[in-house]
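Coordinates from query_12.cif are shown below (mmCIF, C-alpha atoms, pLDDT in the B column; chains and numbers go by the auth columns).
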```
data_input
#
loop_
_atom_site.group_PDB
_atom_site.id
_atom_site.type_symbol
_atom_site.label_atom_id
_atom_site.label_comp_id
_atom_site.label_asym_id
_atom_site.label_seq_id
_atom_site.Cartn_x
_atom_site.Cartn_y
_atom_site.Cartn_z
_atom_site.B_iso_or_equiv
_atom_site.auth_seq_id
_atom_site.auth_asym_id
ATOM 1 C CA ASP A 1 70.999 39.944 123.699 51.00 199 G
ATOM 2 C CA THR A 2 74.611 40.340 124.717 57.00 200 G
ATOM 3 C CA ASP A 3 76.445 43.404 123.561 64.00 201 G
ATOM 4 C CA ARG A 4 78.805 45.962 125.075 71.00 202 G
ATOM 5 C CA ALA A 5 78.014 49.562 125.868 75.00 203 G
ATOM 6 C CA PRO A 6 79.666 52.452 127.736 83.00 204 G
ATOM 7 C CA ARG A 7 76.751 52.514 130.219 83.00 205 G
ATOM 8 C CA VAL A 8 74.425 50.109 132.000 82.00 206 G
ATOM 9 C CA VAL A 9 71.669 48.745 129.781 77.00 207 G
ATOM 10 C CA ILE A 10 68.565 46.950 130.990 79.00 208 G
ATOM 11 C CA ASP A 11 67.271 44.229 128.698 75.00 209 G
ATOM 12 C CA VAL A 12 63.975 42.394 128.952 81.00 210 G
ATOM 13 C CA ALA A 13 63.370 38.933 127.502 83.00 211 G
ATOM 14 C CA ILE A 14 60.213 36.886 127.241 84.00 212 G
ATOM 15 C CA ILE A 15 60.339 33.115 127.141 90.00 213 G
ATOM 16 C CA GLY A 16 57.508 30.960 125.896 88.00 214 G
ATOM 17 C CA SER A 17 56.747 27.627 124.338 90.00 215 G
ATOM 18 C CA ALA A 18 55.190 26.462 121.094 87.00 216 G
ATOM 19 C CA ASN A 19 53.866 23.284 119.576 88.00 217 G
ATOM 20 C CA PRO A 20 56.943 21.791 117.827 87.00 218 G
ATOM 21 C CA ARG A 21 54.830 20.918 114.762 83.00 219 G
ATOM 22 C CA GLN A 22 53.917 24.591 114.304 84.00 220 G
ATOM 23 C CA VAL A 23 57.427 26.062 114.582 91.00 221 G
ATOM 24 C CA ILE A 24 59.139 27.256 111.399 95.00 222 G
ATOM 25 C CA ARG A 25 62.888 26.826 111.832 96.00 223 G
ATOM 26 C CA ARG A 26 65.920 28.186 110.022 96.00 224 G
ATOM 27 C CA SER A 27 66.857 24.636 109.125 97.00 225 G
ATOM 28 C CA GLY A 28 64.014 23.834 106.717 97.00 226 G
ATOM 29 C CA ALA A 29 65.196 25.383 103.422 98.00 227 G
ATOM 30 C CA ARG A 30 65.322 22.930 100.504 98.00 228 G
ATOM 31 C CA VAL A 31 67.044 22.928 97.131 98.00 229 G
ATOM 32 C CA GLY A 32 64.732 24.606 94.619 98.00 230 G
ATOM 33 C CA ASP A 33 62.986 26.810 97.200 98.00 231 G
ATOM 34 C CA SER A 34 62.362 30.463 96.412 98.00 232 G
ATOM 35 C CA LEU A 35 63.750 33.034 98.856 98.00 233 G
ATOM 36 C CA PHE A 36 61.644 36.030 99.975 98.00 234 G
ATOM 37 C CA VAL A 37 61.867 39.047 102.302 98.00 235 G
ATOM 38 C CA THR A 38 59.248 41.341 103.751 98.00 236 G
ATOM 39 C CA GLY A 39 59.603 45.122 103.827 97.00 237 G
ATOM 40 C CA ARG A 40 62.507 47.268 102.660 96.00 238 G
ATOM 41 C CA LEU A 41 66.006 46.739 103.976 97.00 239 G
ATOM 42 C CA GLY A 42 68.779 48.869 105.462 95.00 240 G
ATOM 43 C CA GLY A 43 68.985 52.314 106.989 93.00 241 G
ATOM 44 C CA SER A 44 67.149 51.465 110.199 92.00 242 G
ATOM 45 C CA TYR A 45 69.518 53.446 112.447 90.00 243 G
ATOM 46 C CA VAL A 46 69.633 56.458 110.129 90.00 244 G
ATOM 47 C CA SER A 47 65.841 56.587 109.923 92.00 245 G
ATOM 48 C CA GLY A 48 65.195 55.673 113.564 90.00 246 G
ATOM 49 C CA ARG A 49 63.154 52.680 112.416 88.00 247 G
ATOM 50 C CA HIS A 50 65.187 50.381 114.699 87.00 248 G
ATOM 51 C CA ALA A 51 63.566 52.018 117.745 87.00 249 G
ATOM 52 C CA ARG A 52 59.982 51.947 116.493 88.00 250 G
ATOM 53 C CA PHE A 53 59.703 48.775 114.449 87.00 251 G
ATOM 54 C CA ILE A 54 56.576 46.644 114.306 87.00 252 G
ATOM 55 C CA PRO A 55 57.332 42.914 114.571 90.00 253 G
ATOM 56 C CA ARG A 56 56.133 41.066 111.475 95.00 254 G
ATOM 57 C CA VAL A 57 53.984 38.651 113.497 93.00 255 G
ATOM 58 C CA ALA A 58 50.766 39.373 111.578 95.00 256 G
ATOM 59 C CA GLU A 59 52.624 38.988 108.277 96.00 257 G
ATOM 60 C CA ALA A 60 54.094 35.645 109.400 95.00 258 G
ATOM 61 C CA HIS A 61 50.640 34.367 110.359 94.00 259 G
ATOM 62 C CA ALA A 62 49.194 35.540 107.027 96.00 260 G
ATOM 63 C CA LEU A 63 51.961 33.730 105.137 96.00 261 G
ATOM 64 C CA LEU A 64 51.464 30.510 107.097 94.00 262 G
ATOM 65 C CA GLN A 65 47.744 30.539 106.282 94.00 263 G
ATOM 66 C CA ARG A 66 48.465 30.924 102.576 95.00 264 G
ATOM 67 C CA VAL A 67 51.618 28.879 101.818 97.00 265 G
ATOM 68 C CA ARG A 68 53.811 26.201 103.348 96.00 266 G
ATOM 69 C CA VAL A 69 56.912 28.027 104.583 97.00 267 G
ATOM 70 C CA HIS A 70 59.978 25.761 104.784 98.00 268 G
ATOM 71 C CA ALA A 71 62.374 28.061 106.682 98.00 269 G
ATOM 72 C CA MET A 72 62.146 31.517 108.257 98.00 270 G
ATOM 73 C CA ILE A 73 64.324 33.957 110.229 97.00 271 G
ATOM 74 C CA ASP A 74 63.910 37.585 111.273 95.00 272 G
ATOM 75 C CA LEU A 75 66.481 40.040 109.933 94.00 273 G
ATOM 76 C CA SER A 76 68.144 41.470 113.026 90.00 274 G
ATOM 77 C CA ASP A 77 71.863 41.345 112.173 89.00 275 G
ATOM 78 C CA GLY A 78 71.621 42.379 108.517 92.00 276 G
ATOM 79 C CA LEU A 79 70.498 40.484 105.427 96.00 277 G
ATOM 80 C CA ALA A 80 73.997 39.173 104.591 96.00 278 G
ATOM 81 C CA SER A 81 74.552 37.807 108.094 94.00 279 G
ATOM 82 C CA ASP A 82 71.090 36.281 108.405 96.00 280 G
ATOM 83 C CA LEU A 83 71.299 34.673 104.943 97.00 281 G
ATOM 84 C CA TRP A 84 74.392 32.891 106.235 96.00 282 G
ATOM 85 C CA GLN A 85 72.537 31.756 109.371 96.00 283 G
ATOM 86 C CA LEU A 86 69.780 30.265 107.230 98.00 284 G
ATOM 87 C CA SER A 87 72.346 28.649 104.911 98.00 285 G
ATOM 88 C CA ARG A 88 74.267 27.019 107.750 97.00 286 G
ATOM 89 C CA ALA A 89 71.183 25.813 109.596 98.00 287 G
ATOM 90 C CA SER A 90 69.658 24.283 106.440 98.00 288 G
ATOM 91 C CA GLY A 91 72.871 23.050 104.818 98.00 289 G
ATOM 92 C CA VAL A 92 72.103 24.802 101.528 98.00 290 G
ATOM 93 C CA VAL A 93 73.618 27.424 99.226 98.00 291 G
ATOM 94 C CA LEU A 94 71.485 30.523 98.675 98.00 292 G
ATOM 95 C CA ARG A 95 71.692 32.689 95.552 98.00 293 G
ATOM 96 C CA VAL A 96 70.402 36.234 95.922 98.00 294 G
ATOM 97 C CA GLU A 97 69.697 38.495 92.946 98.00 295 G
ATOM 98 C CA ALA A 98 71.147 41.924 93.774 97.00 296 G
ATOM 99 C CA SER A 99 68.617 43.748 91.592 97.00 297 G
ATOM 100 C CA ARG A 100 65.689 42.259 93.528 98.00 298 G
ATOM 101 C CA ILE A 101 66.750 43.321 97.034 98.00 299 G
ATOM 102 C CA PRO A 102 64.263 45.970 98.251 98.00 300 G
ATOM 103 C CA VAL A 103 66.492 48.834 99.434 97.00 301 G
ATOM 104 C CA ALA A 104 64.922 51.212 101.972 96.00 302 G
ATOM 105 C CA ARG A 105 65.032 54.905 101.084 95.00 303 G
ATOM 106 C CA ALA A 106 67.165 55.637 104.190 94.00 304 G
ATOM 107 C CA ALA A 107 69.690 52.946 103.195 95.00 305 G
ATOM 108 C CA LYS A 108 70.338 54.451 99.742 93.00 306 G
ATOM 109 C CA THR A 109 72.714 51.641 98.674 95.00 307 G
ATOM 110 C CA LEU A 110 72.644 47.899 98.134 95.00 308 G
ATOM 111 C CA HIS A 111 75.606 47.570 100.506 94.00 309 G
ATOM 112 C CA ARG A 112 73.610 49.137 103.358 94.00 310 G
ATOM 113 C CA ALA A 113 70.575 46.959 102.569 95.00 311 G
ATOM 114 C CA LEU A 114 72.821 43.891 102.866 96.00 312 G
ATOM 115 C CA MET A 115 74.864 44.916 105.906 93.00 313 G
ATOM 116 C CA ASP A 116 72.744 47.146 108.160 91.00 314 G
ATOM 117 C CA GLY A 117 71.045 45.428 111.070 88.00 315 G
ATOM 118 C CA GLU A 118 67.855 45.956 113.037 91.00 316 G
ATOM 119 C CA ASP A 119 65.484 45.651 110.076 94.00 317 G
ATOM 120 C CA PHE A 120 63.308 43.047 111.844 94.00 318 G
ATOM 121 C CA GLU A 121 61.838 41.927 108.550 97.00 319 G
ATOM 122 C CA LEU A 122 61.270 38.273 107.622 98.00 320 G
ATOM 123 C CA LEU A 123 63.510 36.147 105.390 98.00 321 G
ATOM 124 C CA PHE A 124 61.788 32.926 104.338 98.00 322 G
ATOM 125 C CA THR A 125 61.735 30.109 101.808 98.00 323 G
ATOM 126 C CA VAL A 126 58.876 28.291 100.104 98.00 324 G
ATOM 127 C CA GLY A 127 58.808 25.538 97.491 98.00 325 G
ATOM 128 C CA GLN A 128 58.743 26.393 93.779 94.00 326 G
ATOM 129 C CA ARG A 129 55.072 25.475 93.380 93.00 327 G
ATOM 130 C CA GLU A 130 54.102 27.562 96.404 94.00 328 G
ATOM 131 C CA ALA A 131 56.126 30.609 95.311 97.00 329 G
ATOM 132 C CA ARG A 132 53.447 31.978 92.991 95.00 330 G
ATOM 133 C CA ARG A 133 50.963 31.911 95.891 96.00 331 G
ATOM 134 C CA VAL A 134 53.124 34.210 98.042 98.00 332 G
ATOM 135 C CA PRO A 135 51.375 37.612 98.037 97.00 333 G
ATOM 136 C CA ARG A 136 53.262 40.693 96.797 97.00 334 G
ATOM 137 C CA ARG A 137 51.923 42.601 99.799 97.00 335 G
ATOM 138 C CA ILE A 138 50.493 41.729 103.165 97.00 336 G
ATOM 139 C CA GLY A 139 48.592 44.819 104.214 94.00 337 G
ATOM 140 C CA ALA A 140 51.023 47.714 103.687 95.00 338 G
ATOM 141 C CA CYS A 141 54.085 45.432 103.848 97.00 339 G
ATOM 142 C CA PRO A 142 55.736 44.500 100.539 98.00 340 G
ATOM 143 C CA VAL A 143 56.908 40.909 100.020 98.00 341 G
ATOM 144 C CA THR A 144 59.732 40.415 97.504 98.00 342 G
ATOM 145 C CA ARG A 145 61.262 37.314 95.934 98.00 343 G
ATOM 146 C CA ILE A 146 65.029 37.889 96.133 98.00 344 G
ATOM 147 C CA GLY A 147 66.519 34.550 95.111 98.00 345 G
ATOM 148 C CA ARG A 148 66.512 30.808 95.521 98.00 346 G
ATOM 149 C CA VAL A 149 68.149 27.807 97.122 98.00 347 G
ATOM 150 C CA VAL A 150 70.518 26.419 94.484 98.00 348 G
ATOM 151 C CA ARG A 151 72.182 23.319 95.985 98.00 349 G
ATOM 152 C CA ARG A 152 73.205 21.443 99.112 98.00 350 G
ATOM 153 C CA GLY A 153 76.210 22.853 100.972 98.00 351 G
ATOM 154 C CA LYS A 154 76.828 26.094 102.807 97.00 352 G
ATOM 155 C CA GLY A 155 77.198 29.511 101.279 97.00 353 G
ATOM 156 C CA VAL A 156 75.561 32.634 99.960 98.00 354 G
ATOM 157 C CA GLU A 157 76.031 33.896 96.415 98.00 355 G
ATOM 158 C CA LEU A 158 75.166 37.315 95.022 98.00 356 G
ATOM 159 C CA ALA A 159 74.091 37.480 91.379 98.00 357 G
ATOM 160 C CA SER A 160 74.699 40.863 89.746 96.00 358 G
ATOM 161 C CA PRO A 161 72.318 42.296 87.134 94.00 359 G
ATOM 162 C CA THR A 162 74.829 41.166 84.473 95.00 360 G
ATOM 163 C CA GLY A 163 74.660 37.580 85.721 92.00 361 G
ATOM 164 C CA ARG A 164 78.057 37.545 87.438 97.00 362 G
ATOM 165 C CA ILE A 165 77.927 35.407 90.585 97.00 363 G
ATOM 166 C CA THR A 166 80.199 36.216 93.527 97.00 364 G
ATOM 167 C CA PRO A 167 80.329 34.895 97.078 96.00 365 G
ATOM 168 C CA LEU A 168 78.592 37.143 99.606 94.00 366 G
ATOM 169 C CA ARG A 169 80.784 37.590 102.662 84.00 367 G
ATOM 170 C CA HIS A 170 79.381 36.716 106.055 74.00 368 G
ATOM 171 C CA THR A 171 79.208 40.264 107.345 68.00 369 G
ATOM 172 C CA GLY A 172 76.689 42.406 109.139 56.00 370 G
ATOM 173 C CA PHE A 173 76.259 43.489 112.738 54.00 371 G
ATOM 174 C CA LYS A 174 78.991 42.117 115.015 53.00 372 G
ATOM 175 C CA HIS A 175 77.944 41.710 118.640 50.00 373 G
ATOM 176 C CA PHE A 176 81.574 41.893 119.864 47.00 374 G
#
```
Reformat the file's structure so that it appears as structure tokens.
Amino acid sequence: DTDRAPRVVIDVAIIGSANPRQVIRRSGARVGDSLFVTGRLGGSYVSGRHARFIPRVAEAHALLQRVRVHAMIDLSDGLASDLWQLSRASGVVLRVEASRIPVARAAKTLHRALMDGEDFELLFTVGQREARRVPRRIGACPVTRIGRVVRRGKGVELASPTGRITPLRHTGFKHF
């Protein structure tokens, strides 16, 4: 949690441990996996949601009881940035369908849903066979399939509603 600010900021961190066999890492995405997100994305600063978010711990537990999740990351630096983190860690290319990204009302635009940070939603992958078992909602939280893992390598592609595929730049919140 390193950042710069014009005043002194106090930060609190908690450190713990987990059984290595029960940890879902960013590095587990596989070719053919479906890509999902929880919630609606973007506009967290505008709406004030960044200061009163609820961590998606219960949703993560519910998912793990229902399907085998291959890779998972929380969306703190923006969807575009965190897609790249998952891509690099797993060594795969991700293709995201622009029309499927759940844009928060406060975000208003796809660009903001991709680039705004502090959403604290979950981005995760599951195998093709498991994808149909992923619930559309967990409690009040929507779960949306936004794309898939298309091949080995590193990169993120954005598919437009017309089918045009363009590289998605590695942008989002910059700590420095």
Problem set entry | the PyMOL selection byres ((chain G and resi 247) around 12) resolved against shown file, as a list in words | Gly237, Arg238, Leu239, Gly240, Gly241, Ser242, Tyr243, Val244, Ser245, Gly246, His248, Ala249, Arg250, Phe251, Ile252, Pro253, Ala302, Arg303, Ala304, Ala305, Asp314, Gly315, Glu316, Asp317, Phe318 and Glu319 of chain G
Problem set entry | Shortest interatomic distance to Arg343 of chain G - which of G:Thr236, G:Ser358, G:Ser279, G:Asn217, counting only C-alpha atoms | G:Thr236
What are the nearest atom pairs, with distances in Å to one decimal, for all residues of segment 278-354 of chain G that come at most 9 Å from segment 254-270 of chain G, using only C-alpha atoms, set out by chain and rising residue number as a tab-separated table?
```
residue	atom	partner	partner_atom	distance
G:Leu284	CA	G:Ala269	CA	7.7
G:Ser288	CA	G:Ala269	CA	8.2
G:Phe318	CA	G:Arg254	CA	7.5
G:Glu319	CA	G:Arg254	CA	6.5
G:Leu320	CA	G:Met270	CA	6.8
G:Leu321	CA	G:Met270	CA	5.6
G:Phe322	CA	G:Met270	CA	4.2
G:Thr323	CA	G:Ala269	CA	5.3
G:Val324	CA	G:Val267	CA	4.9
G:Gly325	CA	G:His268	CA	7.4
G:Glu328	CA	G:Val265	CA	6.1
G:Ala329	CA	G:Val265	CA	8.1
G:Arg331	CA	G:Val265	CA	6.7
G:Val332	CA	G:Val265	CA	6.7
G:Pro333	CA	G:Leu261	CA	8.1
G:Ile336	CA	G:Glu257	CA	6.2
G:Gly337	CA	G:Glu257	CA	8.2
G:Cys339	CA	G:Glu257	CA	8.0
```
Exercise. Is there a way to get, as an MDAnalysis selection string, all residues within 9 Å of the point (69.8, 29.9, 99.0) in file coordinates, counting only C-alpha atoms?
Worked result: chainID G and resid 227:233 281 284:285 290:294 323 345:349 352:355
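What separates atom CA of Asp272 of chain G from atom CA of Val206 of chain G is a distance of 26.4 Å.
Interatomic distance, atom CA of Gly289 of chain G to atom CA of Ala211 of chain G: 29.3 Å.
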For this session: Would you mind listing what lies within 8 Å of Leu356 of chain G as JSON, numbers by chain, with all atoms listed in the file counted and same-chain residues fewer than 3 positions away left out?
Result: {"G": [293, 294, 295, 296, 363, 364, 365, 366]}
Exercise. Which residues fall under the PyMOL selection byres ((chain G and resi 299) around 8) in this file, as a ChimeraX atom specification?
Worked result: /G:239,295-298,300-301,308,311,342,344
Seminar exercise, completed: Min atom-atom distance to Gly276 of chain G from the set G:Gly214, G:Met313, G:Thr307, G:Arg223, counting only C-alpha atoms, belongs to G:Met313
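Atom to atom, atom CA of Leu312 of chain G and atom CA of Leu277 of chain G stand 4.9 Å apart.
Distance annotation: of G:Arg362, G:Lys306, G:Arg205, G:Arg224, the residue with the minimal separation from Gln283 of chain G is G:Arg224; atom set is only C-alpha atoms.
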Find the axis-aligned box for segment 223-242 of chain G, covering all its listed atoms and adding 4 Å on each side, and write its centre and edge lengths in Å to one decimal as lines of an AutoDock Vina configuration file.
```
center_x = 64.1
center_y = 37.6
center_z = 103.2
size_x = 17.7
size_y = 37.4
size_z = 25.2
```
Exercise. Using all atoms listed in the file, which residue out of G:Pro340, G:Gln326, G:Pro218, G:Asp275 lies closest to His368 of chain G?
Worked result: G:Asp275
Any chance you could turn segment 218-230 of chain G into a file with all heavy atoms, as an mmCIF file, in the first residue's frame?
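Once everything was written out, this is decode13.cif:
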```cif
data_model
loop_
_atom_site.group_PDB
_atom_site.id
_atom_site.type_symbol
_atom_site.label_atom_id
_atom_site.label_comp_id
_atom_site.auth_asym_id
_atom_site.auth_seq_id
_atom_site.Cartn_x
_atom_site.Cartn_y
_atom_site.Cartn_z
ATOM 1 N N PRO G 218 -1.535 -23.881 1.653
ATOM 2 C CA PRO G 218 -1.191 -23.667 0.236
ATOM 3 C C PRO G 218 -2.111 -24.388 -0.741
ATOM 4 O O PRO G 218 -2.327 -23.919 -1.853
ATOM 5 C CB PRO G 218 0.245 -24.201 0.124
ATOM 6 C CG PRO G 218 0.776 -24.162 1.509
ATOM 7 C CD PRO G 218 -0.399 -24.377 2.423
ATOM 8 N N ARG G 219 -2.702 -25.507 -0.334
ATOM 9 C CA ARG G 219 -3.605 -26.245 -1.228
ATOM 10 C C ARG G 219 -4.967 -25.568 -1.358
ATOM 11 O O ARG G 219 -5.746 -25.923 -2.229
ATOM 12 C CB ARG G 219 -3.774 -27.678 -0.729
ATOM 13 C CG ARG G 219 -2.548 -28.520 -1.042
ATOM 14 C CD ARG G 219 -2.780 -29.976 -0.677
ATOM 15 N NE ARG G 219 -1.830 -30.278 0.381
ATOM 16 C CZ ARG G 219 -2.096 -30.920 1.494
ATOM 17 N NH1 ARG G 219 -3.290 -31.385 1.715
ATOM 18 N NH2 ARG G 219 -1.169 -31.131 2.392
ATOM 19 N N GLN G 220 -5.256 -24.595 -0.500
ATOM 20 C CA GLN G 220 -6.552 -23.928 -0.534
ATOM 21 C C GLN G 220 -6.463 -22.499 -1.079
ATOM 22 O O GLN G 220 -7.463 -21.799 -1.114
ATOM 23 C CB GLN G 220 -7.163 -23.907 0.861
ATOM 24 C CG GLN G 220 -7.504 -25.294 1.356
ATOM 25 C CD GLN G 220 -8.072 -25.266 2.760
ATOM 26 O OE1 GLN G 220 -7.654 -24.480 3.593
ATOM 27 N NE2 GLN G 220 -9.041 -26.132 3.011
ATOM 28 N N VAL G 221 -5.289 -22.087 -1.525
ATOM 29 C CA VAL G 221 -5.097 -20.735 -2.032
ATOM 30 C C VAL G 221 -5.377 -20.713 -3.538
ATOM 31 O O VAL G 221 -4.878 -21.554 -4.283
ATOM 32 C CB VAL G 221 -3.661 -20.244 -1.744
ATOM 33 C CG1 VAL G 221 -3.396 -18.902 -2.403
ATOM 34 C CG2 VAL G 221 -3.418 -20.157 -0.244
ATOM 35 N N ILE G 222 -6.180 -19.761 -3.968
ATOM 36 C CA ILE G 222 -6.420 -19.559 -5.402
ATOM 37 C C ILE G 222 -5.516 -18.417 -5.838
ATOM 38 O O ILE G 222 -5.640 -17.301 -5.345
ATOM 39 C CB ILE G 222 -7.898 -19.205 -5.696
ATOM 40 C CG1 ILE G 222 -8.843 -20.251 -5.102
ATOM 41 C CG2 ILE G 222 -8.112 -19.048 -7.198
ATOM 42 C CD1 ILE G 222 -8.673 -21.652 -5.632
ATOM 43 N N ARG G 223 -4.621 -18.695 -6.755
ATOM 44 C CA ARG G 223 -3.626 -17.713 -7.197
ATOM 45 C C ARG G 223 -4.031 -17.067 -8.521
ATOM 46 O O ARG G 223 -4.900 -17.542 -9.221
ATOM 47 C CB ARG G 223 -2.268 -18.382 -7.346
ATOM 48 C CG ARG G 223 -1.775 -19.029 -6.079
ATOM 49 C CD ARG G 223 -0.410 -19.672 -6.285
ATOM 50 N NE ARG G 223 -0.034 -20.483 -5.147
ATOM 51 C CZ ARG G 223 0.479 -20.020 -4.022
ATOM 52 N NH1 ARG G 223 0.685 -18.736 -3.879
ATOM 53 N NH2 ARG G 223 0.789 -20.827 -3.037
ATOM 54 N N ARG G 224 -3.327 -16.017 -8.856
ATOM 55 C CA ARG G 224 -3.505 -15.354 -10.153
ATOM 56 C C ARG G 224 -2.947 -16.211 -11.284
ATOM 57 O O ARG G 224 -3.281 -16.019 -12.434
ATOM 58 C CB ARG G 224 -2.762 -14.023 -10.163
ATOM 59 C CG ARG G 224 -3.223 -13.058 -9.132
ATOM 60 C CD ARG G 224 -2.325 -11.859 -9.073
ATOM 61 N NE ARG G 224 -2.739 -11.004 -7.966
ATOM 62 C CZ ARG G 224 -2.148 -9.900 -7.636
ATOM 63 N NH1 ARG G 224 -1.094 -9.483 -8.306
ATOM 64 N NH2 ARG G 224 -2.591 -9.182 -6.628
ATOM 65 N N SER G 225 -2.096 -17.123 -10.952
ATOM 66 C CA SER G 225 -1.330 -17.870 -11.950
ATOM 67 C C SER G 225 -2.002 -19.142 -12.442
ATOM 68 O O SER G 225 -1.392 -19.908 -13.177
ATOM 69 C CB SER G 225 0.039 -18.230 -11.363
ATOM 70 O OG SER G 225 -0.117 -18.975 -10.165
ATOM 71 N N GLY G 226 -3.265 -19.378 -12.108
ATOM 72 C CA GLY G 226 -3.890 -20.648 -12.460
ATOM 73 C C GLY G 226 -4.772 -20.663 -13.690
ATOM 74 O O GLY G 226 -5.343 -21.699 -14.022
ATOM 75 N N ALA G 227 -4.919 -19.548 -14.398
ATOM 76 C CA ALA G 227 -5.805 -19.511 -15.573
ATOM 77 C C ALA G 227 -5.277 -20.431 -16.664
ATOM 78 O O ALA G 227 -4.071 -20.523 -16.886
ATOM 79 C CB ALA G 227 -5.936 -18.086 -16.095
ATOM 80 N N ARG G 228 -6.196 -21.106 -17.357
ATOM 81 C CA ARG G 228 -5.839 -22.068 -18.403
ATOM 82 C C ARG G 228 -6.548 -21.737 -19.708
ATOM 83 O O ARG G 228 -7.673 -21.206 -19.690
ATOM 84 C CB ARG G 228 -6.250 -23.467 -17.971
ATOM 85 C CG ARG G 228 -5.632 -23.898 -16.659
ATOM 86 C CD ARG G 228 -6.202 -25.216 -16.223
ATOM 87 N NE ARG G 228 -5.730 -25.536 -14.879
ATOM 88 C CZ ARG G 228 -6.252 -26.469 -14.126
ATOM 89 N NH1 ARG G 228 -7.277 -27.176 -14.555
ATOM 90 N NH2 ARG G 228 -5.767 -26.705 -12.929
ATOM 91 N N VAL G 229 -5.935 -22.092 -20.811
ATOM 92 C CA VAL G 229 -6.557 -21.884 -22.117
ATOM 93 C C VAL G 229 -7.912 -22.595 -22.127
ATOM 94 O O VAL G 229 -8.027 -23.739 -21.694
ATOM 95 C CB VAL G 229 -5.649 -22.410 -23.253
ATOM 96 C CG1 VAL G 229 -6.367 -22.335 -24.591
ATOM 97 C CG2 VAL G 229 -4.345 -21.621 -23.289
ATOM 98 N N GLY G 230 -8.933 -21.883 -22.581
ATOM 99 C CA GLY G 230 -10.290 -22.411 -22.629
ATOM 100 C C GLY G 230 -11.144 -21.989 -21.448
ATOM 101 O O GLY G 230 -12.365 -22.113 -21.496
#
```
